[in-house]
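Student: I have a structure here, written as structure tokens, and I will follow up with some questions on it.
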Amino acid sequence: MYVPARGAIVVALIVMLAALPGCGGGGSASTADTVAEPPPGGGTALPAKILNWDAPISYSDGSPLNPLLDLDRFEVYVNASGSFGDSEVPQAILTAVNPSTHQLTTSFNLANIPALTRGIQYRVSLRAVALTGMKSDFSPPASFSF
């Protein structure tokens with residue numbers, strides 16, 4: 001999409017997947033070991049599979065983007081093919097800035113997507129969406145499974 005005076009959002013999303021096995025940390029952020037809520041009607045919850053990313057900091061024309069002020073949300077897309085297009089429907093939509101903490105959202109537990117199951121190799125991609133409604137390109141897909 002083109003917006004006058006600014007180009008598309010640069011895809012500066014860095015996708016990293018980390019399972020949180022019970023070791024409690026190491027690395028740049030400490031995240032508690034969690035599991036998703038049990039599925040409706042019973043069953044076993046999927047183990048945590050945390051998606052982490054860095055938000056874009058510029059538009060494709062090089063003009064600066066302040067993610068805390070300019071971004072509206074992040075859209076999480078998951079499928080088995082790894083092919084993502086504009087007709088895709090996001091499986092999760094996350095506000096870019098947590099309204100309580102005023103911190104940028106940079107992670108999501110993929111086990112919280114209801115339709116995912118064990119034993120399937122999935123691909124995940126993100127899009128950043130500016131307050132103007134302009135969307136970034138899809139980030140390069142990353143693979144994961146439960």
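As shown in the structure tokens, the chain order sets the letters A, B, ...; within each chain, residues go from 1, and ligands are also counted from 1 in the order they appear.
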Range 51-82 of chain A: which residues are strand (DSSP E) by DSSP, as an mmCIF file with N, CA and C atoms, in the first residue's frame?

Tutor:
```
data_model
loop_
_atom_site.group_PDB
_atom_site.id
_atom_site.type_symbol
_atom_site.label_atom_id
_atom_site.label_comp_id
_atom_site.auth_asym_id
_atom_site.auth_seq_id
_atom_site.Cartn_x
_atom_site.Cartn_y
_atom_site.Cartn_z
ATOM 1 N N LEU A 51 6.301 -16.948 20.313
ATOM 2 C CA LEU A 51 6.772 -16.230 19.139
ATOM 3 C C LEU A 51 7.263 -14.868 19.612
ATOM 4 N N ASN A 52 8.501 -14.511 19.303
ATOM 5 C CA ASN A 52 9.085 -13.216 19.664
ATOM 6 C C ASN A 52 9.471 -12.470 18.397
ATOM 7 N N LEU A 71 2.301 2.449 15.442
ATOM 8 C CA LEU A 71 1.695 1.139 15.161
ATOM 9 C C LEU A 71 0.390 0.949 15.919
ATOM 10 N N ASP A 72 -0.554 0.316 15.246
ATOM 11 C CA ASP A 72 -1.843 -0.025 15.843
ATOM 12 C C ASP A 72 -1.845 -1.450 16.378
ATOM 13 N N ARG A 73 -1.352 -2.389 15.553
ATOM 14 C CA ARG A 73 -1.462 -3.798 15.943
ATOM 15 C C ARG A 73 -0.462 -4.651 15.172
ATOM 16 N N PHE A 74 -0.355 -5.888 15.640
ATOM 17 C CA PHE A 74 0.368 -6.936 14.939
ATOM 18 C C PHE A 74 -0.640 -8.021 14.606
ATOM 19 N N GLU A 75 -0.529 -8.574 13.405
ATOM 20 C CA GLU A 75 -1.394 -9.675 12.995
ATOM 21 C C GLU A 75 -0.536 -10.923 12.866
ATOM 22 N N VAL A 76 -1.012 -12.023 13.459
ATOM 23 C CA VAL A 76 -0.296 -13.297 13.437
ATOM 24 C C VAL A 76 -1.029 -14.227 12.479
ATOM 25 N N TYR A 77 -0.300 -14.763 11.514
ATOM 26 C CA TYR A 77 -0.864 -15.660 10.511
ATOM 27 C C TYR A 77 -0.197 -17.023 10.656
ATOM 28 N N VAL A 78 -0.988 -18.081 10.630
ATOM 29 C CA VAL A 78 -0.455 -19.438 10.750
ATOM 30 C C VAL A 78 -1.143 -20.327 9.727
ATOM 31 N N ASN A 79 -0.346 -21.139 9.031
ATOM 32 C CA ASN A 79 -0.891 -22.181 8.160
ATOM 33 C C ASN A 79 0.165 -23.262 7.977
#
```

Student: Give me the residues near His102 in chain A as an MDAnalysis selection string, where near means some atom within 12 Å (using only C-alpha atoms) and where sequence neighbours in that chain fewer than 4 positions away do not count.

Tutor: chainID A and resid 67:69 95:98

Student: Do you have, as JSON lines, the list of residues of range 46-102 of chain A lying at most 12 Å from range 137-145 of chain A, each with its nearest atom pair and that distance in Å to one decimal, counting only C-alpha atoms and ordered by chain then number?

Tutor:
```
{"residue": "A:Leu46", "atom": "CA", "partner": "A:Ser145", "partner_atom": "CA", "distance": 10.2}
{"residue": "A:Pro47", "atom": "CA", "partner": "A:Ser145", "partner_atom": "CA", "distance": 10.2}
{"residue": "A:Ala48", "atom": "CA", "partner": "A:Ser145", "partner_atom": "CA", "distance": 10.8}
{"residue": "A:Lys49", "atom": "CA", "partner": "A:Phe144", "partner_atom": "CA", "distance": 8.2}
{"residue": "A:Ile50", "atom": "CA", "partner": "A:Phe144", "partner_atom": "CA", "distance": 10.1}
{"residue": "A:Leu51", "atom": "CA", "partner": "A:Ala142", "partner_atom": "CA", "distance": 9.4}
{"residue": "A:Asn52", "atom": "CA", "partner": "A:Ala142", "partner_atom": "CA", "distance": 11.0}
{"residue": "A:Trp53", "atom": "CA", "partner": "A:Ser139", "partner_atom": "CA", "distance": 10.0}
{"residue": "A:Asp54", "atom": "CA", "partner": "A:Ser139", "partner_atom": "CA", "distance": 11.0}
{"residue": "A:Ala55", "atom": "CA", "partner": "A:Ser139", "partner_atom": "CA", "distance": 10.9}
{"residue": "A:Pro56", "atom": "CA", "partner": "A:Ser139", "partner_atom": "CA", "distance": 10.6}
{"residue": "A:Tyr59", "atom": "CA", "partner": "A:Asp137", "partner_atom": "CA", "distance": 11.1}
{"residue": "A:Ser60", "atom": "CA", "partner": "A:Asp137", "partner_atom": "CA", "distance": 10.3}
{"residue": "A:Phe74", "atom": "CA", "partner": "A:Phe138", "partner_atom": "CA", "distance": 10.8}
{"residue": "A:Glu75", "atom": "CA", "partner": "A:Phe138", "partner_atom": "CA", "distance": 9.4}
{"residue": "A:Val76", "atom": "CA", "partner": "A:Phe138", "partner_atom": "CA", "distance": 9.5}
{"residue": "A:Tyr77", "atom": "CA", "partner": "A:Phe138", "partner_atom": "CA", "distance": 8.8}
{"residue": "A:Val78", "atom": "CA", "partner": "A:Pro141", "partner_atom": "CA", "distance": 8.9}
{"residue": "A:Asn79", "atom": "CA", "partner": "A:Ser143", "partner_atom": "CA", "distance": 9.7}
{"residue": "A:Ala80", "atom": "CA", "partner": "A:Ser143", "partner_atom": "CA", "distance": 8.9}
{"residue": "A:Ser81", "atom": "CA", "partner": "A:Pro141", "partner_atom": "CA", "distance": 9.8}
{"residue": "A:Gly82", "atom": "CA", "partner": "A:Pro141", "partner_atom": "CA", "distance": 6.2}
{"residue": "A:Ser83", "atom": "CA", "partner": "A:Pro141", "partner_atom": "CA", "distance": 8.2}
{"residue": "A:Phe84", "atom": "CA", "partner": "A:Phe138", "partner_atom": "CA", "distance": 7.2}
{"residue": "A:Gly85", "atom": "CA", "partner": "A:Phe138", "partner_atom": "CA", "distance": 8.0}
{"residue": "A:Asp86", "atom": "CA", "partner": "A:Phe138", "partner_atom": "CA", "distance": 9.1}
{"residue": "A:Glu88", "atom": "CA", "partner": "A:Phe138", "partner_atom": "CA", "distance": 10.6}
{"residue": "A:Pro90", "atom": "CA", "partner": "A:Phe138", "partner_atom": "CA", "distance": 11.2}
```

Student: For a test of reading the model, state the distance in Å between CA of Leu131 in chain A and CA of Leu65 in chain A, rounded to one decimal.

Tutor: 11.2 Å

Student: Out of range 56-124 of chain A, which residues get alpha helix (DSSP H) from DSSP, as a compact mmCIF listing (two decimals) with C-alpha atoms, in the first residue's frame?

Tutor:
```
# COMPACT_ATOMS: atom_id res chain seq x y z
CA PRO A 67 6.45 1.70 16.95
CA LEU A 68 5.06 3.04 20.24
CA LEU A 69 3.35 5.95 18.50
CA ASP A 70 2.79 4.79 14.91
```

Student: CA of Leu110 in chain A to CA of Tyr122 in chain A: how many Å, to one decimal?

Tutor: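 Calculated distance between CA of Leu110 in chain A and CA of Tyr122 in chain A is 10.5 Å.
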